[in-house]
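Undergrad: Take a look at input.cif, mmCIF, C-alpha atoms:
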```
data_run
#
loop_
_atom_site.label_atom_id
_atom_site.label_comp_id
_atom_site.auth_asym_id
_atom_site.auth_seq_id
_atom_site.Cartn_x
_atom_site.Cartn_y
_atom_site.Cartn_z
CA MET A 1 110.65 169.09 168.14
CA MET A 2 111.26 166.79 165.16
CA THR A 3 108.26 165.04 163.66
CA MET A 4 108.13 162.32 161.07
CA THR A 5 107.95 163.79 157.57
CA LYS A 6 104.93 163.08 155.41
CA ARG A 7 105.81 160.59 152.68
CA ARG A 8 107.18 162.03 149.48
CA VAL A 9 104.64 161.97 146.64
CA THR A 10 105.82 159.83 143.74
CA LYS A 11 104.50 158.58 140.44
CA PRO A 12 103.11 155.07 140.78
CA VAL A 13 104.43 152.08 138.89
CA TYR A 14 102.79 148.68 138.77
CA LEU A 15 104.68 145.41 139.02
CA GLY A 16 101.98 142.99 138.02
CA GLY A 17 99.19 143.74 140.46
CA VAL A 18 101.44 145.41 143.04
CA LYS A 19 101.48 149.21 143.15
CA VAL A 20 104.76 150.86 144.13
CA GLY A 21 104.73 154.57 144.94
CA GLY A 22 101.78 156.87 144.40
CA GLY A 23 100.77 156.62 148.05
CA ALA A 24 100.66 152.82 148.17
CA ASP A 25 101.92 150.93 151.21
CA ILE A 26 105.69 150.54 151.28
CA THR A 27 106.30 147.04 149.95
CA VAL A 28 108.81 144.47 151.21
CA GLN A 29 111.01 142.71 148.66
CA SER A 30 113.61 139.97 148.68
CA MET A 31 115.90 138.18 146.24
CA THR A 32 116.26 134.47 145.59
CA LYS A 33 119.55 132.85 146.58
CA THR A 34 119.14 129.77 144.38
CA ASP A 35 120.62 129.11 140.95
CA THR A 36 117.92 130.65 138.75
CA ARG A 37 118.53 127.94 136.16
CA ASP A 38 117.20 125.46 138.72
CA VAL A 39 113.53 126.26 138.26
CA SER A 40 112.16 123.89 140.90
CA ALA A 41 114.54 125.11 143.64
CA THR A 42 113.88 128.76 142.77
CA VAL A 43 110.11 128.31 142.72
CA ARG A 44 110.24 126.45 146.02
CA GLN A 45 112.16 129.31 147.64
CA ILE A 46 109.76 131.91 146.23
CA HIS A 47 106.79 130.01 147.64
CA GLU A 48 108.48 130.08 151.07
CA LEU A 49 108.95 133.82 150.69
CA GLU A 50 105.35 134.33 149.61
CA GLU A 51 104.25 132.55 152.77
CA ALA A 52 106.50 134.85 154.83
CA GLY A 53 104.85 137.93 153.31
CA CYS A 54 107.28 138.85 150.55
CA GLU A 55 105.49 141.10 148.06
CA ILE A 56 108.01 141.36 145.20
CA ILE A 57 110.80 138.92 144.34
CA ARG A 58 113.97 139.44 142.27
CA SER A 59 116.13 136.75 140.70
CA ALA A 60 119.61 136.96 139.23
CA VAL A 61 119.93 136.43 135.48
CA PRO A 62 123.61 135.65 134.82
CA ASP A 63 123.18 133.99 131.42
CA MET A 64 120.70 133.07 128.71
CA GLU A 65 119.76 129.77 130.34
CA ALA A 66 118.71 131.68 133.46
CA ALA A 67 116.85 134.22 131.31
CA LYS A 68 114.84 131.46 129.64
CA ALA A 69 114.13 129.88 133.04
CA MET A 70 112.48 133.10 134.23
CA ALA A 71 109.48 132.46 131.98
CA GLU A 72 108.76 129.13 133.65
CA ILE A 73 109.39 130.54 137.14
CA LYS A 74 106.93 133.33 136.45
CA LYS A 75 104.19 130.81 135.60
CA GLN A 76 104.52 129.06 138.96
CA ILE A 77 104.55 131.96 141.43
CA ASN A 78 102.02 134.49 142.67
CA ILE A 79 104.06 137.63 143.35
CA PRO A 80 105.73 139.97 140.83
CA LEU A 81 109.06 138.77 139.42
CA VAL A 82 111.95 141.14 138.77
CA ALA A 83 114.82 140.16 136.46
CA ASP A 84 118.21 141.32 137.77
CA ILE A 85 120.26 142.24 134.69
CA HIS A 86 123.96 143.08 134.47
CA PHE A 87 126.29 143.54 131.47
CA HIS A 88 124.18 141.89 128.74
CA TYR A 89 121.12 143.65 127.35
CA GLN A 90 120.03 140.50 125.46
CA LEU A 91 119.20 138.93 128.83
CA ALA A 92 116.75 141.75 129.51
CA LEU A 93 115.11 141.24 126.12
CA GLU A 94 114.69 137.51 126.76
CA CYS A 95 113.24 138.11 130.25
CA ALA A 96 110.81 140.68 128.87
CA ALA A 97 109.66 138.16 126.26
CA GLY A 98 109.19 135.64 129.08
CA GLY A 99 106.74 137.89 130.90
CA VAL A 100 108.67 139.20 133.91
CA ASP A 101 107.06 142.06 135.82
CA CYS A 102 110.08 144.38 136.03
CA LEU A 103 113.64 144.70 134.70
CA ARG A 104 116.48 145.83 136.94
CA LEU A 105 119.22 147.46 134.85
CA ASN A 106 122.60 148.44 136.26
CA PRO A 107 123.82 151.71 134.69
CA GLY A 108 127.31 150.93 135.95
CA ASN A 109 127.86 147.92 133.71
CA LEU A 110 125.21 148.32 130.99
CA ARG A 111 126.34 151.64 129.56
CA ASN A 112 125.78 151.33 125.80
CA GLU A 113 123.04 153.85 125.01
CA ASP A 114 121.77 152.01 121.93
CA GLN A 115 121.42 148.78 123.92
CA VAL A 116 119.60 150.52 126.76
CA ARG A 117 117.25 152.15 124.24
CA GLU A 118 116.46 148.76 122.73
CA VAL A 119 115.54 147.40 126.16
CA VAL A 120 113.38 150.46 126.86
CA LYS A 121 111.58 150.04 123.53
CA VAL A 122 110.62 146.46 124.40
CA ALA A 123 109.71 147.37 128.00
CA LYS A 124 107.44 150.11 126.72
CA GLU A 125 105.75 147.77 124.25
CA ARG A 126 105.14 145.18 126.98
CA ASN A 127 104.29 147.67 129.74
CA ILE A 128 107.16 146.47 131.96
CA PRO A 129 108.67 148.92 134.51
CA ILE A 130 112.42 149.39 134.75
CA ARG A 131 114.32 149.76 137.99
CA ILE A 132 117.50 151.78 137.59
CA GLY A 133 119.75 150.04 140.09
CA VAL A 134 122.70 152.25 141.02
CA ASN A 135 125.17 150.42 143.25
CA PHE A 136 128.42 151.73 144.72
CA GLY A 137 130.18 148.43 144.01
CA SER A 138 129.56 148.66 140.27
CA LEU A 139 129.53 152.36 139.43
CA PRO A 140 130.81 153.42 136.01
CA PRO A 141 134.37 154.83 135.93
CA VAL A 142 134.82 158.46 136.86
CA GLY A 143 134.34 160.32 133.61
CA GLY A 144 132.88 157.20 132.02
CA ILE A 145 129.14 157.50 132.66
CA GLY A 146 127.41 156.26 129.52
CA ARG A 147 130.72 155.46 127.82
CA THR A 148 131.81 151.96 126.86
CA ARG A 149 135.34 152.43 125.52
CA GLY A 150 138.63 153.78 126.81
CA PHE A 151 138.12 152.87 130.46
CA SER A 152 139.61 150.02 132.45
CA ARG A 153 137.46 148.55 135.22
CA HIS A 154 140.63 148.36 137.32
CA MET A 155 141.43 152.07 136.97
CA ASP A 156 137.97 153.54 137.48
CA LEU A 157 139.00 155.94 140.32
CA VAL A 158 135.63 155.45 142.08
CA ASN A 159 137.29 154.26 145.29
CA GLN A 160 139.28 157.49 145.41
CA LEU A 161 136.16 159.64 145.57
CA PRO A 162 135.28 160.97 149.04
CA LYS A 163 132.25 159.42 150.74
CA ALA A 164 129.39 161.53 152.05
CA ASP A 165 130.96 162.22 155.45
CA GLU A 166 134.42 162.90 153.95
CA ALA A 167 133.59 165.34 151.16
CA GLN A 168 134.62 168.98 151.42
CA GLU A 169 132.81 171.83 149.69
CA GLY A 170 133.50 171.69 145.98
CA ASP A 171 134.56 168.02 145.96
CA TYR A 172 133.13 165.58 143.43
CA SER A 173 132.03 162.85 145.80
CA VAL A 174 130.74 159.29 145.58
CA VAL A 175 127.25 160.70 146.14
CA ASP A 176 127.67 163.08 143.19
CA HIS A 177 128.81 160.18 141.01
CA MET A 178 125.89 157.98 142.08
CA VAL A 179 123.38 160.74 141.39
CA ALA A 180 124.94 161.57 138.02
CA THR A 181 124.84 157.90 137.05
CA ALA A 182 121.14 157.66 137.90
CA LEU A 183 120.29 160.86 136.06
CA TRP A 184 122.09 159.64 132.93
CA GLU A 185 119.88 156.58 132.63
CA ILE A 186 116.74 158.41 133.71
CA SER A 187 117.32 160.86 130.85
CA LEU A 188 117.67 157.98 128.36
CA LEU A 189 114.35 156.53 129.46
CA GLU A 190 112.59 159.88 129.47
CA GLN A 191 113.88 160.61 125.95
CA GLN A 192 111.82 157.61 124.83
CA ASP A 193 108.78 158.89 126.71
CA PHE A 194 109.18 156.08 129.24
CA GLU A 195 108.27 156.93 132.82
CA GLN A 196 107.59 153.53 134.41
CA ILE A 197 110.74 154.00 136.45
CA LYS A 198 111.84 153.19 139.96
CA ILE A 199 115.32 153.79 141.27
CA SER A 200 117.71 152.48 143.89
CA MET A 201 120.90 154.19 145.15
CA LYS A 202 122.64 151.56 147.27
CA ALA A 203 125.97 151.53 149.07
CA PHE A 204 127.30 149.68 152.11
CA ASP A 205 128.26 153.01 153.68
CA VAL A 206 125.16 154.32 155.44
CA PRO A 207 125.87 158.10 155.23
CA THR A 208 126.62 157.77 151.50
CA THR A 209 123.43 155.82 150.89
CA VAL A 210 121.28 158.23 152.88
CA GLU A 211 122.69 161.31 151.16
CA ALA A 212 122.38 159.78 147.67
CA TYR A 213 118.70 159.02 148.21
CA ARG A 214 118.10 162.43 149.76
CA GLN A 215 119.60 164.27 146.81
CA LEU A 216 117.88 162.23 144.14
CA SER A 217 114.52 162.42 145.89
CA GLU A 218 114.54 166.18 145.35
CA MET A 219 115.30 165.85 141.63
CA VAL A 220 112.91 163.24 140.26
CA PRO A 221 109.27 162.18 140.82
CA TYR A 222 109.86 158.43 140.61
CA PRO A 223 109.43 155.87 143.41
CA LEU A 224 112.57 154.82 145.26
CA HIS A 225 113.62 151.29 146.18
CA LEU A 226 115.58 151.53 149.44
CA GLY A 227 118.38 149.25 150.57
CA ILE A 228 121.86 149.03 152.04
CA THR A 229 123.88 146.81 149.76
CA GLU A 230 125.79 143.78 151.07
CA ALA A 231 124.69 144.74 154.58
CA GLY A 232 126.03 141.61 156.28
CA THR A 233 124.73 138.80 158.46
CA ALA A 234 121.23 138.65 159.92
CA LYS A 235 122.29 140.47 163.09
CA SER A 236 124.75 143.11 161.88
CA GLY A 237 123.10 143.55 158.49
CA SER A 238 119.64 144.09 159.95
CA ILE A 239 121.01 146.74 162.29
CA ARG A 240 122.94 148.52 159.54
CA THR A 241 119.91 148.45 157.25
CA ALA A 242 117.52 149.60 159.97
CA VAL A 243 119.74 152.61 160.70
CA GLY A 244 120.03 153.68 157.06
CA LEU A 245 116.47 152.95 156.00
CA GLY A 246 115.08 154.26 159.27
CA VAL A 247 116.57 157.70 158.61
CA LEU A 248 115.16 157.83 155.08
CA LEU A 249 111.74 156.47 155.94
CA TYR A 250 111.44 158.92 158.84
CA GLU A 251 112.13 161.68 156.32
CA GLY A 252 109.32 160.43 154.07
CA ILE A 253 111.65 158.88 151.48
CA GLY A 254 111.08 155.38 150.12
CA ASP A 255 108.39 153.33 148.40
CA THR A 256 109.70 149.75 148.56
CA ILE A 257 112.52 148.14 150.54
CA ARG A 258 114.86 145.17 150.55
CA VAL A 259 117.04 144.10 153.46
CA SER A 260 120.14 142.47 151.91
CA LEU A 261 121.42 139.80 154.29
CA SER A 262 123.91 136.95 154.14
CA ASP A 263 121.18 134.68 155.42
CA ASP A 264 117.93 133.00 154.48
CA SER A 265 115.81 135.31 152.32
CA VAL A 266 112.91 134.80 154.74
CA GLU A 267 115.00 136.66 157.33
CA GLU A 268 115.18 139.59 154.90
CA VAL A 269 111.39 139.73 154.74
CA ILE A 270 111.00 139.51 158.51
CA ALA A 271 113.55 142.30 159.03
CA GLY A 272 111.87 144.45 156.39
CA TYR A 273 108.51 144.31 158.08
CA GLU A 274 110.03 144.94 161.49
CA ILE A 275 111.67 148.11 160.16
CA LEU A 276 108.38 149.35 158.72
CA LYS A 277 106.39 148.39 161.81
CA SER A 278 108.82 150.25 164.06
CA LEU A 279 107.86 153.48 162.25
CA ASN A 280 104.14 152.59 162.09
CA LEU A 281 104.40 152.40 158.29
CA ARG A 282 103.00 148.86 158.03
CA ASP A 283 100.84 146.88 160.44
CA LYS A 284 101.11 143.42 158.89
CA GLY A 285 101.28 140.77 161.59
CA ALA A 286 102.01 141.01 165.28
CA VAL A 287 104.30 143.44 167.06
CA MET A 288 105.94 142.24 170.25
CA VAL A 289 106.98 144.49 173.14
CA ALA A 290 109.35 142.73 175.54
CA CYS A 291 111.14 143.94 178.65
CA PRO A 292 114.92 143.44 178.73
CA SER A 293 114.70 141.66 182.10
CA CYS A 294 116.43 142.63 185.34
CA GLY A 295 117.02 141.34 188.85
CA ARG A 296 113.28 141.54 189.65
CA ALA A 297 112.39 138.91 187.03
CA ASP A 298 111.30 135.53 188.41
CA VAL A 299 111.29 133.83 184.99
CA ASP A 300 113.73 133.43 182.10
CA ILE A 301 112.38 136.41 180.16
CA ARG A 302 114.74 135.81 177.23
CA LYS A 303 113.33 132.32 176.70
CA LEU A 304 109.78 133.50 177.25
CA ALA A 305 110.12 136.32 174.72
CA ASN A 306 111.61 134.00 172.12
CA ASP A 307 108.89 131.41 172.71
CA VAL A 308 106.19 134.04 172.24
CA ASP A 309 107.95 135.44 169.17
CA ALA A 310 107.97 131.98 167.59
CA LEU A 311 104.25 131.54 168.28
CA LEU A 312 103.42 134.97 166.83
CA LYS A 313 105.02 134.02 163.52
CA GLY A 314 102.03 131.74 163.05
CA THR A 315 99.48 134.57 163.07
CA ASP A 316 98.80 137.35 160.56
CA LYS A 317 96.64 139.20 163.08
CA ASN A 318 97.53 142.87 163.50
CA VAL A 319 98.06 142.85 167.27
CA LYS A 320 100.54 144.33 169.75
CA VAL A 321 101.68 141.77 172.32
CA ALA A 322 103.68 142.58 175.46
CA VAL A 323 105.96 140.11 177.22
CA MET A 324 107.01 141.34 180.67
CA GLY A 325 109.00 139.69 183.43
CA CYS A 326 107.52 141.54 186.36
CA GLU A 327 103.91 141.18 187.46
CA VAL A 328 104.08 144.43 189.45
CA ASN A 329 105.09 146.85 186.68
CA GLY A 330 104.44 144.76 183.56
CA PRO A 331 100.82 145.73 182.83
CA GLY A 332 101.52 149.41 183.43
CA GLU A 333 104.67 149.50 181.32
CA ALA A 334 102.89 147.89 178.37
CA LYS A 335 99.45 149.41 178.84
CA ASP A 336 99.05 150.20 175.16
CA ALA A 337 99.47 146.53 174.16
CA ASP A 338 96.38 144.73 172.91
CA VAL A 339 97.35 141.63 174.87
CA GLY A 340 100.20 140.98 177.27
CA ILE A 341 101.71 138.58 179.73
CA ALA A 342 103.49 139.50 182.95
CA ALA A 343 105.20 136.43 184.35
CA GLY A 344 106.03 135.92 188.01
CA ALA A 345 107.08 133.05 190.24
CA GLY A 346 104.94 130.09 189.21
CA ARG A 347 102.17 132.13 187.64
CA ALA A 348 101.44 134.77 185.02
CA ILE A 349 98.98 137.61 184.57
CA ILE A 350 97.32 137.96 181.17
CA PHE A 351 96.18 141.51 180.51
CA ARG A 352 94.53 143.69 177.85
CA LYS A 353 95.39 147.36 177.53
CA GLY A 354 96.92 147.19 181.00
CA GLU A 355 93.87 145.62 182.63
CA LYS A 356 94.23 142.16 184.20
CA VAL A 357 91.91 139.56 182.67
CA ARG A 358 93.35 136.23 183.85
CA VAL A 359 95.87 134.72 186.25
CA VAL A 360 97.18 131.34 185.11
CA PRO A 361 99.82 128.85 186.24
CA GLU A 362 103.21 129.24 184.61
CA ALA A 363 102.79 125.95 182.74
CA GLU A 364 99.65 127.30 181.01
CA MET A 365 100.77 130.85 180.30
CA LEU A 366 101.71 130.48 176.61
CA GLU A 367 98.48 128.68 175.78
CA ALA A 368 96.46 131.28 177.68
CA LEU A 369 98.26 134.15 175.93
CA MET A 370 97.54 132.70 172.48
CA GLU A 371 93.89 132.16 173.41
CA GLU A 372 93.57 135.85 174.27
CA ILE A 373 95.34 136.86 171.06
CA GLU A 374 92.86 134.81 169.04
CA LYS A 375 90.01 136.65 170.80
CA THR A 376 91.41 140.03 169.77
CA PRO A 377 89.24 141.67 167.10
CA VAL A 378 90.86 142.23 163.71
CA LYS A 379 91.69 145.92 163.27
CA ALA A 380 90.16 147.73 160.35
#
```
Using structure tokens, write down the structure that the file contains.
TA:
Amino acid sequence: MMTMTKRRVTKPVYLGGVKVGGGADITVQSMTKTDTRDVSATVRQIHELEEAGCEIIRSAVPDMEAAKAMAEIKKQINIPLVADIHFHYQLALECAAGGVDCLRLNPGNLRNEDQVREVVKVAKERNIPIRIGVNFGSLPPVGGIGRTRGFSRHMDLVNQLPKADEAQEGDYSVVDHMVATALWEISLLEQQDFEQIKISMKAFDVPTTVEAYRQLSEMVPYPLHLGITEAGTAKSGSIRTAVGLGVLLYEGIGDTIRVSLSDDSVEEVIAGYEILKSLNLRDKGAVMVACPSCGRADVDIRKLANDVDALLKGTDKNVKVAVMGCEVNGPGEAKDADVGIAAGAGRAIIFRKGEKVRVVPEAEMLEALMEEIEKTPVKA
């Protein structure tokens, strides 16, 4: 019988006041989708994400104007700010000077060792962690890890490498290349006695992502940032991410997560918490159990479940709520719920832990359910 693996022990890093790794709760991150140079729009979006429960936020830094804007953004928000750096090490230096809480460096497109060392020197002086962000879409050329000359981006051969489920014994695979890329930059940081490191190993291909994280987790003691890159829309991307991250989290791998969706960043945060709650790794907010409906249902269970879900978004209370469409089996099927509703023709039963506490008219059932939720004691 398979059991969930105890979480991998990692060295902690601190992004502002948020601990990542070292036994801390797995945190939920997101990334702004605004133009970072537009400070007011970016701050406004971050405040929305803070309200949704986002614990760490990352913003793109495409140029020096955006890098300078990060200092002002940092002053106006309450959660740690990560600067997403590609290609130009000077942007990292400017963001560090502006007080960001973490630097994300891409070893696929920032490969000059002297430049990386300069960033590490400043990060060490300012006590700023570095996330080594390995991404399949921007890996260094095959044979070009840590090299800046003699390689064309259009002839990098990465796409010819076999993925995790295609590789034969002895092949140099995409996973091997991702791991080697991460280890190259880890070694640079360690050479400067810098260990405030966290690492991501993202690909769109789920088996490749899972295997890359698995392999690296056995090699280094640093916390891992989990994600499936460019996962897709809210529906398909959440499913793809849940599959990949679910495997890793069940195996005890992962210290912080981001769900990358082509949608509102708030949806990323919601999906992230739902993934963690499904494995009992976080208990922030309500969890809803809902029956799929069948021919016995006397109410529109789809509408009822969505109505309840919308109401639950307004509470931070750690409570399990059941929404059932059959008043005969509902309480029994959801007997471990703190509070539940089993709707029938014209009326609904409100129950706690499977025991009936009230019968109310259909028109009053949502109000009655929320009243019972508010009575539920806060869990320690």
Undergrad: Would you please work out which residue, of A:Gly285, A:Gly246, A:Gly146, A:Pro129, is nearest to A:Met4 when using all atoms listed in the file?
TA: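 Residue with the minimum atom-to-atom distance to A:Met4: A:Gly246.
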Undergrad: Residues picked by the PyMOL selection byres ((chain A and resi 376) around 10) here, as number ranges by chain?
TA: A: 317-319, 338-339, 352, 370-375, 377-379
Undergrad: Assuming the chain letters and numbering stay as they are in my file, what does the PyMOL selection byres ((chain A and resi 62) around 12) actually select? List them as a PyMOL selection string.
TA: chain A and resi 35-37+59-61+63-70+83-92+95
Undergrad: Using all atoms listed in the file, determine which residues lie at most 8 Å from stretch 266-272 of chain A, disregarding the query and same-chain residues fewer than 3 positions distant; provide the list as a ChimeraX atom specification.
TA: /A:28-30,48-49,52-54,234,238,257-261,263,275-276
Undergrad: Just write the chosen residues, C-alpha atoms, as an mmCIF file, in the coordinates of the input.
TA:
```
data_model
loop_
_atom_site.group_PDB
_atom_site.id
_atom_site.type_symbol
_atom_site.label_atom_id
_atom_site.label_comp_id
_atom_site.auth_asym_id
_atom_site.auth_seq_id
_atom_site.Cartn_x
_atom_site.Cartn_y
_atom_site.Cartn_z
ATOM 1 C CA VAL A 28 108.810 144.470 151.210
ATOM 2 C CA GLN A 29 111.010 142.710 148.660
ATOM 3 C CA SER A 30 113.610 139.970 148.680
ATOM 4 C CA GLU A 48 108.480 130.080 151.070
ATOM 5 C CA LEU A 49 108.950 133.820 150.690
ATOM 6 C CA ALA A 52 106.500 134.850 154.830
ATOM 7 C CA GLY A 53 104.850 137.930 153.310
ATOM 8 C CA CYS A 54 107.280 138.850 150.550
ATOM 9 C CA ALA A 234 121.230 138.650 159.920
ATOM 10 C CA SER A 238 119.640 144.090 159.950
ATOM 11 C CA ILE A 257 112.520 148.140 150.540
ATOM 12 C CA ARG A 258 114.860 145.170 150.550
ATOM 13 C CA VAL A 259 117.040 144.100 153.460
ATOM 14 C CA SER A 260 120.140 142.470 151.910
ATOM 15 C CA LEU A 261 121.420 139.800 154.290
ATOM 16 C CA ASP A 263 121.180 134.680 155.420
ATOM 17 C CA ILE A 275 111.670 148.110 160.160
ATOM 18 C CA LEU A 276 108.380 149.350 158.720
#
```
Undergrad: Restricting the calculation to only C-alpha atoms: of A:Ala305, A:Val299, A:Ala96, A:Leu281, which residue gets closest to A:Arg347?
TA: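 Residue with the minimum atom-to-atom distance to A:Arg347: A:Val299.
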Undergrad: List every protein, DNA or RNA residue that has at least one atom no more than 12 Å from (121.6, 157.8, 146.2) in the file's coordinates, counting all atoms listed in the file, and write the result as a PyMOL selection string.
TA: chain A and resi 132-136+139+163-164+173-183+199-220+224-229+244+248+253-254
Undergrad: Could the residues in this selection be saved with C-alpha atoms as a short mmCIF file (atom, residue, chain, number, x, y, z; two decimals), in the frame of the given file?
TA:
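Okay, result.cif is ready:
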```
data_model
loop_
_atom_site.label_atom_id
_atom_site.label_comp_id
_atom_site.auth_asym_id
_atom_site.auth_seq_id
_atom_site.Cartn_x
_atom_site.Cartn_y
_atom_site.Cartn_z
CA ILE A 132 117.50 151.78 137.59
CA GLY A 133 119.75 150.04 140.09
CA VAL A 134 122.70 152.25 141.02
CA ASN A 135 125.17 150.42 143.25
CA PHE A 136 128.42 151.73 144.72
CA LEU A 139 129.53 152.36 139.43
CA LYS A 163 132.25 159.42 150.74
CA ALA A 164 129.39 161.53 152.05
CA SER A 173 132.03 162.85 145.80
CA VAL A 174 130.74 159.29 145.58
CA VAL A 175 127.25 160.70 146.14
CA ASP A 176 127.67 163.08 143.19
CA HIS A 177 128.81 160.18 141.01
CA MET A 178 125.89 157.98 142.08
CA VAL A 179 123.38 160.74 141.39
CA ALA A 180 124.94 161.57 138.02
CA THR A 181 124.84 157.90 137.05
CA ALA A 182 121.14 157.66 137.90
CA LEU A 183 120.29 160.86 136.06
CA ILE A 199 115.32 153.79 141.27
CA SER A 200 117.71 152.48 143.89
CA MET A 201 120.90 154.19 145.15
CA LYS A 202 122.64 151.56 147.27
CA ALA A 203 125.97 151.53 149.07
CA PHE A 204 127.30 149.68 152.11
CA ASP A 205 128.26 153.01 153.68
CA VAL A 206 125.16 154.32 155.44
CA PRO A 207 125.87 158.10 155.23
CA THR A 208 126.62 157.77 151.50
CA THR A 209 123.43 155.82 150.89
CA VAL A 210 121.28 158.23 152.88
CA GLU A 211 122.69 161.31 151.16
CA ALA A 212 122.38 159.78 147.67
CA TYR A 213 118.70 159.02 148.21
CA ARG A 214 118.10 162.43 149.76
CA GLN A 215 119.60 164.27 146.81
CA LEU A 216 117.88 162.23 144.14
CA SER A 217 114.52 162.42 145.89
CA GLU A 218 114.54 166.18 145.35
CA MET A 219 115.30 165.85 141.63
CA VAL A 220 112.91 163.24 140.26
CA LEU A 224 112.57 154.82 145.26
CA HIS A 225 113.62 151.29 146.18
CA LEU A 226 115.58 151.53 149.44
CA GLY A 227 118.38 149.25 150.57
CA ILE A 228 121.86 149.03 152.04
CA THR A 229 123.88 146.81 149.76
CA GLY A 244 120.03 153.68 157.06
CA LEU A 248 115.16 157.83 155.08
CA ILE A 253 111.65 158.88 151.48
CA GLY A 254 111.08 155.38 150.12
#
```
Undergrad: Considering only C-alpha atoms, state which residue in the set A:Ser40, A:Thr241, A:Thr27, A:Gln115 is at the smallest distance from A:Pro80.
TA: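 Nearest to A:Pro80: A:Thr27.
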Undergrad: Can you list what the PyMOL selection byres ((chain A and resi 77) around 9) grabs from this structure, as a ChimeraX atom specification?
TA: /A:43,46-47,50,73-76,78-81
Undergrad: Produce a file of the selected residues containing C-alpha atoms, as an mmCIF file, in the coordinates of the input.
TA:
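Once everything was written out, this is again-v9.cif:
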```cif
data_model
loop_
_atom_site.group_PDB
_atom_site.id
_atom_site.type_symbol
_atom_site.label_atom_id
_atom_site.label_comp_id
_atom_site.auth_asym_id
_atom_site.auth_seq_id
_atom_site.Cartn_x
_atom_site.Cartn_y
_atom_site.Cartn_z
ATOM 1 C CA VAL A 43 110.110 128.310 142.720
ATOM 2 C CA ILE A 46 109.760 131.910 146.230
ATOM 3 C CA HIS A 47 106.790 130.010 147.640
ATOM 4 C CA GLU A 50 105.350 134.330 149.610
ATOM 5 C CA ILE A 73 109.390 130.540 137.140
ATOM 6 C CA LYS A 74 106.930 133.330 136.450
ATOM 7 C CA LYS A 75 104.190 130.810 135.600
ATOM 8 C CA GLN A 76 104.520 129.060 138.960
ATOM 9 C CA ASN A 78 102.020 134.490 142.670
ATOM 10 C CA ILE A 79 104.060 137.630 143.350
ATOM 11 C CA PRO A 80 105.730 139.970 140.830
ATOM 12 C CA LEU A 81 109.060 138.770 139.420
#
```
Undergrad: Near A:Lys6, counting all atoms listed in the file, which residues have an atom at most 10 Å away, once you skip same-chain residues fewer than 2 positions from it, shown as a PDB file with C-alpha atoms, in the coordinates of the input?
TA:
```pdb
ATOM      1  CA  THR A   3     108.260 165.040 163.660  1.00  0.00           C
ATOM      2  CA  MET A   4     108.130 162.320 161.070  1.00  0.00           C
ATOM      3  CA  ARG A   8     107.180 162.030 149.480  1.00  0.00           C
ATOM      4  CA  VAL A   9     104.640 161.970 146.640  1.00  0.00           C
ATOM      5  CA  LEU A 249     111.740 156.470 155.940  1.00  0.00           C
ATOM      6  CA  TYR A 250     111.440 158.920 158.840  1.00  0.00           C
ATOM      7  CA  GLU A 251     112.130 161.680 156.320  1.00  0.00           C
ATOM      8  CA  GLY A 252     109.320 160.430 154.070  1.00  0.00           C
ATOM      9  CA  ILE A 253     111.650 158.880 151.480  1.00  0.00           C
TER      10      ILE A 253
END
```
Undergrad: May I ask which of the residues A:Ala348, A:Cys102, A:Met324, A:Val119 is the closest one to A:Leu188, counting all atoms listed in the file?
TA: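 Smallest distance to A:Leu188 is found for A:Val119.
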Undergrad: Quick check, in Å to one decimal: how far apart do atom CA of A:Gly325 and atom CA of A:Cys294 lie?
TA: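 Between these atoms lies a distance of 8.2 Å.
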Undergrad: Counting all atoms listed in the file, which of A:Ala297, A:Val289, A:Leu279, A:Val39 gets nearest to A:Ile26?
TA: A:Leu279
Undergrad: Using Å and a single decimal, report how far atom CA of A:Gly16 sits from atom CA of A:Val100.
TA: 8.7 Å
Undergrad: Of the residues A:Ala363, A:Ile197, A:Ile186, A:Ala286, which is the one nearest to A:Ala310, using all atoms listed in the file?
TA: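 Among A:Ala363, A:Ile197, A:Ile186, A:Ala286, it is A:Ala286 that comes nearest to A:Ala310.
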Undergrad: Give me, please, the distance in Å between atom CA of A:Leu369 and atom CA of A:Tyr273, quoted to one decimal.
TA: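 For atom CA of A:Leu369 relative to atom CA of A:Tyr273, the distance reads 23.0 Å.
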